[in-house]
Amino acid sequence: METSRREWATTPIAKYYAYKSTEYVSFTAAIWILFVRSNGLSFAEVGALNSIWWLALVGGEIPTGYLGDRLGRRNAMALGTAIIAVSTVAMGLSETFFQFATVYAAWAVGQTFRSGSGDAWLYDLLDETNETHEFANVRGRATGVGLAIGAVTTLAGGVVADATNYSVPFFATAAVTALGVPILLSVPESGDSDDGFTPRTALRVIREKLTRPPLRGFVVYFALLFGVVNMVYIFDQPILRDVALGLGVPASATNTAVSASYAVFSLVAAGATYRAGWIGDRIGIRRWFLLAPVAVAVSYAMLPLVGPLAFPAFALARGVTNVSGVLGNQYVNDRVDSVGRATVLSAAGMLYSLAVVPFELAGGVVADIVSPTGALAAFGGVLVVGAGVLWVVDRPV
């Protein structure tokens, strides 16, 4: 309780919570794929767009992480937030595959400025008061609050899309996202900046930390989990719309129905992520990452059998994604020094992003041939087998 009061009384931490809230506001989360599909794109093309997103993340992670270490993590995050706000407006105006592809790539580059730098920045803020052990708690609570706010805006976005069109929710999201820039710039820079942190030094740090135990096996394992779980975001909206129609929801209200489902998913993920630190303390990071792939695979396997099971399955996927992100970054942060921390986190993020590409490309093709639920079930099996092999070959945690 004393630690919690200190968090809210400390201005930088309070502003971190405010910034994370703007990051999670999204009136578009539940209509994104429906919007793209409404422009005539196939699942294979949607998978290709998502692959462009992840490839842009791969290409941008190390350079932007390096800039975060070299020039200041707060400034890098502010730049990324501005890029995302502009990209959100452009997304709402896009109609063709080429336009979507351009926006996806730009948006991904903006995201890379916020990924590794964000967690490194928070860890350094806590390090100034010798409270780095609170990283999972603070990060989890901030993400939980953000997801709860996101649940409300997600539902509102579906209602607005049904009442107007798909573009309006994108414009509203951009306006709120842009508020993150002045919030970030009002917080002092933290952590160690080193003008001598050259690209050569950055590559040496990456090689030393990610190609040797204890992080080598963990990063590969997390990449597999991340790749398969993120496939759900290609298919869940069309699946949920079909389930809603099967349950008697009018076609004119399907965007609202999908958004309501997303709101519930966000609340479930918010509760789980808010307690990520508690989960890590009670269950343990090792046990969490041992059980998570099995839980995801089982839930995916049930989708072709019982359609309404999509609701708990997709809620579970979001809980696993967010809690794993918090616990995984705690694990990596604890094993990296301040100088180079954003670079290592960005390099790890690059590998996670790269892992998603083949799964989403293959998943889109399989979904067009079989079905979205069949694709998820098949790749859930791949996840279990791959995770089992990694535990035998190189214990990841």
# chains A, B, ... in the order shown; residues from 1 in each chain; ligands from 1
>>> residues_around(residues="region 224-234 of chain A", least_positions_apart="2", cutoff="6 Å", atoms="only C-alpha atoms", output="ChimeraX atom specification")
/A:221-222,236,355-356,360
>>> write_last_selection(atoms="N, CA, C and O atoms", output="tab-separated table (two decimals), in the first residue's frame")
chain	number	residue	atom	x	y	z
A	221	TYR	N	11.77	-18.57	-27.35
A	221	TYR	CA	10.52	-19.12	-26.85
A	221	TYR	C	9.41	-18.08	-26.88
A	221	TYR	O	8.29	-18.34	-27.34
A	222	PHE	N	9.73	-16.88	-26.42
A	222	PHE	CA	8.73	-15.81	-26.41
A	222	PHE	C	8.31	-15.46	-27.83
A	222	PHE	O	7.15	-15.16	-28.09
A	236	ASP	N	-10.13	-12.61	-35.57
A	236	ASP	CA	-11.16	-12.57	-34.53
A	236	ASP	C	-12.38	-11.73	-34.91
A	236	ASP	O	-13.51	-12.11	-34.63
A	355	ALA	N	9.12	-13.11	-35.94
A	355	ALA	CA	8.48	-14.41	-35.79
A	355	ALA	C	7.03	-14.38	-36.25
A	355	ALA	O	6.48	-15.40	-36.69
A	356	VAL	N	6.38	-13.23	-36.16
A	356	VAL	CA	4.97	-13.13	-36.53
A	356	VAL	C	4.77	-13.27	-38.03
A	356	VAL	O	3.77	-13.81	-38.50
A	360	GLU	N	1.59	-15.20	-39.93
A	360	GLU	CA	0.46	-14.46	-40.47
A	360	GLU	C	0.34	-14.64	-41.98
A	360	GLU	O	-0.77	-14.68	-42.52
>>> residues_around(residues="region 241-243 of chain A", least_positions_apart="3", cutoff="6 Å", atoms="only C-alpha atoms", output="PyMOL selection string")
chain A and resi 238+246+254
>>> closest_residue(among="A:Asn75, A:Thr28, A:Thr102, A:Thr112", to="Val258 (chain A)", atoms="only C-alpha atoms")
A:Thr28
>>> select_by_dssp(residues="region 230-343 of chain A", states="alpha helix (DSSP H)", output="PDB file with C-alpha atoms, in the first residue's frame")
ATOM      1  CA  VAL A 232      -5.790 -14.044 -33.560  1.00  0.00           C
ATOM      2  CA  TYR A 233      -5.895 -10.373 -34.519  1.00  0.00           C
ATOM      3  CA  ILE A 234      -6.291 -11.231 -38.215  1.00  0.00           C
ATOM      4  CA  PHE A 235      -9.285 -13.493 -37.688  1.00  0.00           C
ATOM      5  CA  ASP A 236     -11.161 -12.570 -34.534  1.00  0.00           C
ATOM      6  CA  GLN A 237     -13.329  -9.763 -35.934  1.00  0.00           C
ATOM      7  CA  PRO A 238     -14.722 -11.767 -38.892  1.00  0.00           C
ATOM      8  CA  ILE A 239     -15.202 -14.799 -36.623  1.00  0.00           C
ATOM      9  CA  LEU A 240     -17.017 -12.742 -33.984  1.00  0.00           C
ATOM     10  CA  ARG A 241     -19.232 -11.124 -36.616  1.00  0.00           C
ATOM     11  CA  ASP A 242     -20.218 -14.547 -37.981  1.00  0.00           C
ATOM     12  CA  VAL A 243     -20.947 -15.818 -34.463  1.00  0.00           C
ATOM     13  CA  ALA A 244     -23.035 -12.712 -33.748  1.00  0.00           C
ATOM     14  CA  LEU A 245     -25.051 -13.239 -36.942  1.00  0.00           C
ATOM     15  CA  GLY A 246     -25.562 -16.878 -35.970  1.00  0.00           C
ATOM     16  CA  THR A 254     -22.623  -6.315 -36.063  1.00  0.00           C
ATOM     17  CA  ASN A 255     -19.961  -3.617 -35.613  1.00  0.00           C
ATOM     18  CA  THR A 256     -21.481  -2.774 -32.247  1.00  0.00           C
ATOM     19  CA  ALA A 257     -21.640  -6.470 -31.318  1.00  0.00           C
ATOM     20  CA  VAL A 258     -17.990  -7.027 -32.197  1.00  0.00           C
ATOM     21  CA  SER A 259     -17.014  -3.859 -30.327  1.00  0.00           C
ATOM     22  CA  ALA A 260     -18.942  -4.999 -27.252  1.00  0.00           C
ATOM     23  CA  SER A 261     -17.026  -8.278 -27.364  1.00  0.00           C
ATOM     24  CA  TYR A 262     -13.767  -6.384 -27.679  1.00  0.00           C
ATOM     25  CA  ALA A 263     -14.706  -4.229 -24.699  1.00  0.00           C
ATOM     26  CA  VAL A 264     -15.186  -7.351 -22.588  1.00  0.00           C
ATOM     27  CA  PHE A 265     -11.888  -8.776 -23.852  1.00  0.00           C
ATOM     28  CA  SER A 266     -10.128  -5.551 -22.905  1.00  0.00           C
ATOM     29  CA  LEU A 267     -11.620  -5.599 -19.409  1.00  0.00           C
ATOM     30  CA  VAL A 268     -10.515  -9.207 -18.917  1.00  0.00           C
ATOM     31  CA  ALA A 269      -7.031  -8.356 -20.180  1.00  0.00           C
ATOM     32  CA  ALA A 270      -7.008  -5.225 -18.016  1.00  0.00           C
ATOM     33  CA  GLY A 271      -7.750  -7.212 -14.877  1.00  0.00           C
ATOM     34  CA  ALA A 272      -5.118  -9.819 -15.700  1.00  0.00           C
ATOM     35  CA  THR A 273      -2.475  -7.270 -16.679  1.00  0.00           C
ATOM     36  CA  TYR A 274      -3.169  -5.063 -13.669  1.00  0.00           C
ATOM     37  CA  ALA A 276       0.691  -9.149 -13.669  1.00  0.00           C
ATOM     38  CA  GLY A 277       3.103  -8.458 -10.829  1.00  0.00           C
ATOM     39  CA  TRP A 278       0.979 -10.538  -8.490  1.00  0.00           C
ATOM     40  CA  ILE A 279       0.799 -13.334 -11.069  1.00  0.00           C
ATOM     41  CA  GLY A 280       4.576 -13.275 -11.419  1.00  0.00           C
ATOM     42  CA  ASP A 281       5.015 -13.457  -7.635  1.00  0.00           C
ATOM     43  CA  ARG A 282       2.461 -16.209  -7.046  1.00  0.00           C
ATOM     44  CA  ILE A 285       7.645 -16.462 -14.512  1.00  0.00           C
ATOM     45  CA  ARG A 286       8.886 -19.957 -15.369  1.00  0.00           C
ATOM     46  CA  ARG A 287       5.568 -21.645 -14.630  1.00  0.00           C
ATOM     47  CA  TRP A 288       3.611 -18.934 -16.451  1.00  0.00           C
ATOM     48  CA  PHE A 289       5.559 -19.418 -19.669  1.00  0.00           C
ATOM     49  CA  LEU A 290       5.282 -23.182 -19.315  1.00  0.00           C
ATOM     50  CA  LEU A 291       1.468 -23.137 -19.084  1.00  0.00           C
ATOM     51  CA  ALA A 292       0.581 -20.229 -21.412  1.00  0.00           C
ATOM     52  CA  PRO A 293       1.187 -22.044 -24.759  1.00  0.00           C
ATOM     53  CA  VAL A 294      -0.883 -25.031 -23.637  1.00  0.00           C
ATOM     54  CA  ALA A 295      -3.816 -22.840 -22.595  1.00  0.00           C
ATOM     55  CA  VAL A 296      -3.765 -20.932 -25.905  1.00  0.00           C
ATOM     56  CA  ALA A 297      -3.521 -24.095 -28.022  1.00  0.00           C
ATOM     57  CA  VAL A 298      -6.425 -25.804 -26.252  1.00  0.00           C
ATOM     58  CA  SER A 299      -8.670 -22.749 -26.655  1.00  0.00           C
ATOM     59  CA  TYR A 300      -7.807 -22.503 -30.366  1.00  0.00           C
ATOM     60  CA  ALA A 301      -8.487 -26.215 -30.907  1.00  0.00           C
ATOM     61  CA  ALA A 310     -14.574 -17.796 -29.620  1.00  0.00           C
ATOM     62  CA  PHE A 311     -15.495 -15.327 -26.871  1.00  0.00           C
ATOM     63  CA  PRO A 312     -13.518 -16.955 -24.012  1.00  0.00           C
ATOM     64  CA  ALA A 313     -10.756 -18.054 -26.399  1.00  0.00           C
ATOM     65  CA  PHE A 314     -10.099 -14.526 -27.630  1.00  0.00           C
ATOM     66  CA  ALA A 315     -10.324 -13.113 -24.106  1.00  0.00           C
ATOM     67  CA  LEU A 316      -7.729 -15.665 -22.998  1.00  0.00           C
ATOM     68  CA  ALA A 317      -5.437 -14.762 -25.907  1.00  0.00           C
ATOM     69  CA  ARG A 318      -5.441 -11.114 -24.878  1.00  0.00           C
ATOM     70  CA  GLY A 319      -4.752 -11.933 -21.246  1.00  0.00           C
ATOM     71  CA  VAL A 320      -1.841 -14.172 -22.225  1.00  0.00           C
ATOM     72  CA  THR A 321      -0.409 -11.560 -24.616  1.00  0.00           C
ATOM     73  CA  ASN A 322      -0.449  -8.707 -22.113  1.00  0.00           C
ATOM     74  CA  VAL A 323       0.661 -10.586 -19.020  1.00  0.00           C
ATOM     75  CA  SER A 324       3.434 -12.298 -20.990  1.00  0.00           C
ATOM     76  CA  GLY A 325       4.616  -8.922 -22.253  1.00  0.00           C
ATOM     77  CA  VAL A 326       4.897  -7.517 -18.742  1.00  0.00           C
ATOM     78  CA  LEU A 327       6.584 -10.573 -17.229  1.00  0.00           C
ATOM     79  CA  GLY A 328       8.836 -11.050 -20.251  1.00  0.00           C
ATOM     80  CA  ASN A 329      10.124  -7.483 -20.153  1.00  0.00           C
ATOM     81  CA  GLN A 330      10.691  -7.740 -16.399  1.00  0.00           C
ATOM     82  CA  TYR A 331      12.780 -10.849 -17.073  1.00  0.00           C
ATOM     83  CA  VAL A 332      14.848  -9.105 -19.753  1.00  0.00           C
ATOM     84  CA  ASN A 333      15.201  -5.793 -17.869  1.00  0.00           C
ATOM     85  CA  ARG A 341      18.711  -1.368 -22.187  1.00  0.00           C
ATOM     86  CA  ALA A 342      16.433   0.177 -24.832  1.00  0.00           C
ATOM     87  CA  THR A 343      18.610  -1.293 -27.573  1.00  0.00           C
TER      88      THR A 343
END
>>> closest_residue(among="A:Val397, A:Leu55, A:Ala142, A:Leu185", to="Arg73 (chain A)", atoms="only C-alpha atoms")
A:Leu185
>>> residues_around(residues="Val366 (chain A)", least_positions_apart="6", cutoff="9 Å", atoms="only C-alpha atoms", output="ChimeraX atom specification")
/A:44,372,374-375
>>> write_last_selection(atoms="N, CA and C atoms", output="compact mmCIF listing (two decimals), in the first residue's frame")
# COMPACT_ATOMS: atom_id res chain seq x y z
N ALA A 44 -5.74 -13.31 -47.27
CA ALA A 44 -4.33 -13.37 -47.66
C ALA A 44 -3.74 -11.97 -47.74
N PRO A 372 -10.99 -19.37 -41.00
CA PRO A 372 -10.20 -18.70 -39.95
C PRO A 372 -10.06 -19.56 -38.68
N GLY A 374 -10.21 -22.83 -38.46
CA GLY A 374 -9.34 -23.96 -38.77
C GLY A 374 -7.88 -23.56 -38.76
N ALA A 375 -7.57 -22.36 -39.24
CA ALA A 375 -6.19 -21.87 -39.24
C ALA A 375 -5.68 -21.70 -37.82
>>> residues_around(residues="Lys209 (chain A)", least_positions_apart="3", cutoff="10 Å", atoms="only C-alpha atoms", output="MDAnalysis selection string")
chainID A and resid 203:206 212:216 332 335:336 344 348
>>> residues_around(residues="region 79-84 of chain A", least_positions_apart="6", cutoff="9 Å", atoms="only C-alpha atoms", output="number ranges by chain")
A: 23, 106-114, 174, 177-181
>>> write_last_selection(atoms="N, CA and C atoms", output="JSON list (two decimals), in the first residue's frame")
[["chain", "number", "residue", "atom", "x", "y", "z"],
["A", 23, "GLU", "N", -2.12, 5.95, -24.86],
["A", 23, "GLU", "CA", -1.61, 4.93, -25.77],
["A", 23, "GLU", "C", -2.64, 3.84, -26.03],
["A", 106, "ALA", "N", 4.42, 2.96, -41.93],
["A", 106, "ALA", "CA", 4.70, 4.17, -41.17],
["A", 106, "ALA", "C", 4.29, 4.02, -39.71],
["A", 107, "TRP", "N", 3.12, 3.44, -39.50],
["A", 107, "TRP", "CA", 2.61, 3.23, -38.15],
["A", 107, "TRP", "C", 3.57, 2.33, -37.35],
["A", 108, "ALA", "N", 4.07, 1.29, -38.00],
["A", 108, "ALA", "CA", 4.98, 0.36, -37.33],
["A", 108, "ALA", "C", 6.27, 1.05, -36.91],
["A", 109, "VAL", "N", 6.81, 1.90, -37.78],
["A", 109, "VAL", "CA", 8.03, 2.64, -37.43],
["A", 109, "VAL", "C", 7.77, 3.53, -36.22],
["A", 110, "GLY", "N", 6.61, 4.19, -36.20],
["A", 110, "GLY", "CA", 6.27, 4.99, -35.03],
["A", 110, "GLY", "C", 6.20, 4.16, -33.77],
["A", 111, "GLN", "N", 5.66, 2.96, -33.90],
["A", 111, "GLN", "CA", 5.54, 2.08, -32.74],
["A", 111, "GLN", "C", 6.91, 1.66, -32.21],
["A", 112, "THR", "N", 7.89, 1.48, -33.10],
["A", 112, "THR", "CA", 9.20, 1.06, -32.63],
["A", 112, "THR", "C", 9.86, 2.11, -31.75],
["A", 113, "PHE", "N", 9.54, 3.38, -31.97],
["A", 113, "PHE", "CA", 10.08, 4.43, -31.12],
["A", 113, "PHE", "C", 9.55, 4.32, -29.69],
["A", 114, "ARG", "N", 8.40, 3.66, -29.54],
["A", 114, "ARG", "CA", 7.79, 3.58, -28.22],
["A", 114, "ARG", "C", 8.04, 2.25, -27.51],
["A", 174, "ALA", "N", -6.86, 9.34, -33.33],
["A", 174, "ALA", "CA", -5.68, 10.17, -33.60],
["A", 174, "ALA", "C", -5.63, 11.38, -32.67],
["A", 177, "THR", "N", -4.54, 10.18, -29.20],
["A", 177, "THR", "CA", -3.14, 9.73, -29.24],
["A", 177, "THR", "C", -2.19, 10.91, -29.20],
["A", 178, "ALA", "N", -2.53, 11.97, -29.91],
["A", 178, "ALA", "CA", -1.66, 13.15, -29.98],
["A", 178, "ALA", "C", -1.45, 13.79, -28.61],
["A", 179, "LEU", "N", -2.39, 13.59, -27.67],
["A", 179, "LEU", "CA", -2.23, 14.17, -26.33],
["A", 179, "LEU", "C", -1.03, 13.58, -25.60],
["A", 180, "GLY", "N", -0.58, 12.41, -26.03],
["A", 180, "GLY", "CA", 0.57, 11.79, -25.39],
["A", 180, "GLY", "C", 1.85, 12.57, -25.57],
["A", 181, "VAL", "N", 1.97, 13.36, -26.64],
["A", 181, "VAL", "CA", 3.20, 14.11, -26.90],
["A", 181, "VAL", "C", 3.47, 15.15, -25.81]]
>>> closest_residue(among="A:Ala120, A:Leu125, A:Ala148, A:Ala14", to="Leu345 (chain A)", atoms="only C-alpha atoms")
A:Ala120
>>> residues_around(residues="Ala163 (chain A)", least_positions_apart="5", cutoff="12 Å", atoms="only C-alpha atoms", output="PDB file with N, CA and C atoms, in the first residue's frame")
ATOM      1  N   ALA A 156     -17.400   2.343 -27.940  1.00  0.00           N
ATOM      2  CA  ALA A 156     -17.887   3.576 -28.555  1.00  0.00           C
ATOM      3  C   ALA A 156     -17.547   3.612 -30.048  1.00  0.00           C
ATOM      4  N   GLY A 157     -16.363   3.098 -30.405  1.00  0.00           N
ATOM      5  CA  GLY A 157     -15.966   3.101 -31.804  1.00  0.00           C
ATOM      6  C   GLY A 157     -16.875   2.268 -32.679  1.00  0.00           C
ATOM      7  N   GLY A 158     -17.309   1.106 -32.173  1.00  0.00           N
ATOM      8  CA  GLY A 158     -18.230   0.274 -32.941  1.00  0.00           C
ATOM      9  C   GLY A 158     -19.580   0.941 -33.144  1.00  0.00           C
ATOM     10  N   VAL A 168     -14.503   7.769 -39.098  1.00  0.00           N
ATOM     11  CA  VAL A 168     -14.635   8.660 -37.949  1.00  0.00           C
ATOM     12  C   VAL A 168     -13.918   8.128 -36.705  1.00  0.00           C
ATOM     13  N   PRO A 169     -14.036   6.840 -36.348  1.00  0.00           N
ATOM     14  CA  PRO A 169     -13.305   6.348 -35.184  1.00  0.00           C
ATOM     15  C   PRO A 169     -11.790   6.497 -35.305  1.00  0.00           C
ATOM     16  N   SER A 252     -26.989  -4.917 -39.348  1.00  0.00           N
ATOM     17  CA  SER A 252     -26.739  -3.489 -39.148  1.00  0.00           C
ATOM     18  C   SER A 252     -26.109  -3.177 -37.798  1.00  0.00           C
ATOM     19  N   ALA A 253     -26.083  -4.162 -36.890  1.00  0.00           N
ATOM     20  CA  ALA A 253     -25.536  -3.932 -35.547  1.00  0.00           C
ATOM     21  C   ALA A 253     -24.302  -4.791 -35.270  1.00  0.00           C
ATOM     22  N   THR A 254     -23.743  -5.400 -36.307  1.00  0.00           N
ATOM     23  CA  THR A 254     -22.623  -6.315 -36.063  1.00  0.00           C
ATOM     24  C   THR A 254     -21.356  -5.584 -35.597  1.00  0.00           C
ATOM     25  N   ASN A 255     -21.125  -4.363 -36.094  1.00  0.00           N
ATOM     26  CA  ASN A 255     -19.961  -3.617 -35.613  1.00  0.00           C
ATOM     27  C   ASN A 255     -20.063  -3.346 -34.115  1.00  0.00           C
ATOM     28  N   THR A 256     -21.263  -3.008 -33.671  1.00  0.00           N
ATOM     29  CA  THR A 256     -21.481  -2.774 -32.247  1.00  0.00           C
ATOM     30  C   THR A 256     -21.288  -4.060 -31.455  1.00  0.00           C
TER      31      THR A 256
END
>>> closest_residue(among="A:Gly380, A:Gly146, A:Gly60, A:Gly284", to="Leu354 (chain A)", atoms="only C-alpha atoms")
A:Gly60
>>> atom_distance(atom1="CA of Val103 (chain A)", atom2="CA of Met91 (chain A)")
6.1 Å
>>> closest_residue(among="A:Leu361, A:Ala90, A:Val187, A:Ile31", to="Ala78 (chain A)", atoms="only C-alpha atoms")
A:Val187
>>> closest_residue(among="A:Phe135, A:Tyr104, A:Phe218, A:Tyr17", to="Leu57 (chain A)", atoms="only C-alpha atoms")
A:Tyr104
>>> residues_around(residues="Tyr123 (chain A)", least_positions_apart="3", cutoff="9 Å", atoms="only C-alpha atoms", output="ChimeraX atom specification")
/A:118-120,126-128,131-132,134-135,191,330,333,338
>>> write_last_selection(atoms="N, CA, C and O atoms", output="compact mmCIF listing (two decimals), in the first residue's frame")
# COMPACT_ATOMS: atom_id res chain seq x y z
N GLY A 118 10.03 2.74 -24.20
CA GLY A 118 9.02 2.89 -23.15
C GLY A 118 9.34 2.10 -21.91
O GLY A 118 9.31 2.63 -20.78
N ASP A 119 9.65 0.83 -22.07
CA ASP A 119 9.95 0.00 -20.90
C ASP A 119 11.29 0.37 -20.28
O ASP A 119 11.46 0.32 -19.07
N ALA A 120 12.27 0.73 -21.11
CA ALA A 120 13.56 1.16 -20.58
C ALA A 120 13.40 2.45 -19.77
O ALA A 120 14.02 2.63 -18.72
N LEU A 126 12.16 4.02 -12.18
CA LEU A 126 12.09 3.26 -10.93
C LEU A 126 13.48 3.05 -10.33
O LEU A 126 13.63 3.00 -9.11
N ASP A 127 14.49 2.96 -11.18
CA ASP A 127 15.85 2.76 -10.70
C ASP A 127 16.34 3.97 -9.90
O ASP A 127 17.16 3.82 -8.98
N GLU A 128 15.83 5.16 -10.22
CA GLU A 128 16.24 6.37 -9.52
C GLU A 128 15.82 6.35 -8.05
O GLU A 128 16.41 7.03 -7.22
N GLU A 131 13.57 1.13 -6.96
CA GLU A 131 12.33 0.35 -6.94
C GLU A 131 12.14 -0.44 -8.24
O GLU A 131 11.02 -0.66 -8.68
N THR A 132 13.23 -0.90 -8.83
CA THR A 132 13.10 -1.64 -10.08
C THR A 132 12.33 -2.94 -9.89
O THR A 132 11.76 -3.46 -10.85
N GLU A 134 9.62 -3.15 -8.66
CA GLU A 134 8.21 -2.81 -8.85
C GLU A 134 7.84 -2.67 -10.32
O GLU A 134 6.72 -2.29 -10.64
N PHE A 135 8.78 -2.96 -11.22
CA PHE A 135 8.51 -2.74 -12.65
C PHE A 135 7.26 -3.48 -13.11
O PHE A 135 6.37 -2.89 -13.75
N GLY A 191 17.54 7.97 -16.81
CA GLY A 191 18.48 6.94 -17.26
C GLY A 191 19.80 7.52 -17.70
O GLY A 191 20.03 8.74 -17.66
N GLN A 330 10.06 -7.73 -17.72
CA GLN A 330 10.69 -7.74 -16.40
C GLN A 330 11.90 -8.67 -16.41
O GLN A 330 12.97 -8.33 -15.92
N ASN A 333 14.67 -6.98 -18.54
CA ASN A 333 15.20 -5.79 -17.87
C ASN A 333 16.13 -6.15 -16.72
O ASN A 333 17.15 -5.50 -16.51
N SER A 338 21.61 -0.39 -17.60
CA SER A 338 20.85 0.77 -18.07
C SER A 338 21.32 1.23 -19.44
O SER A 338 20.52 1.44 -20.35
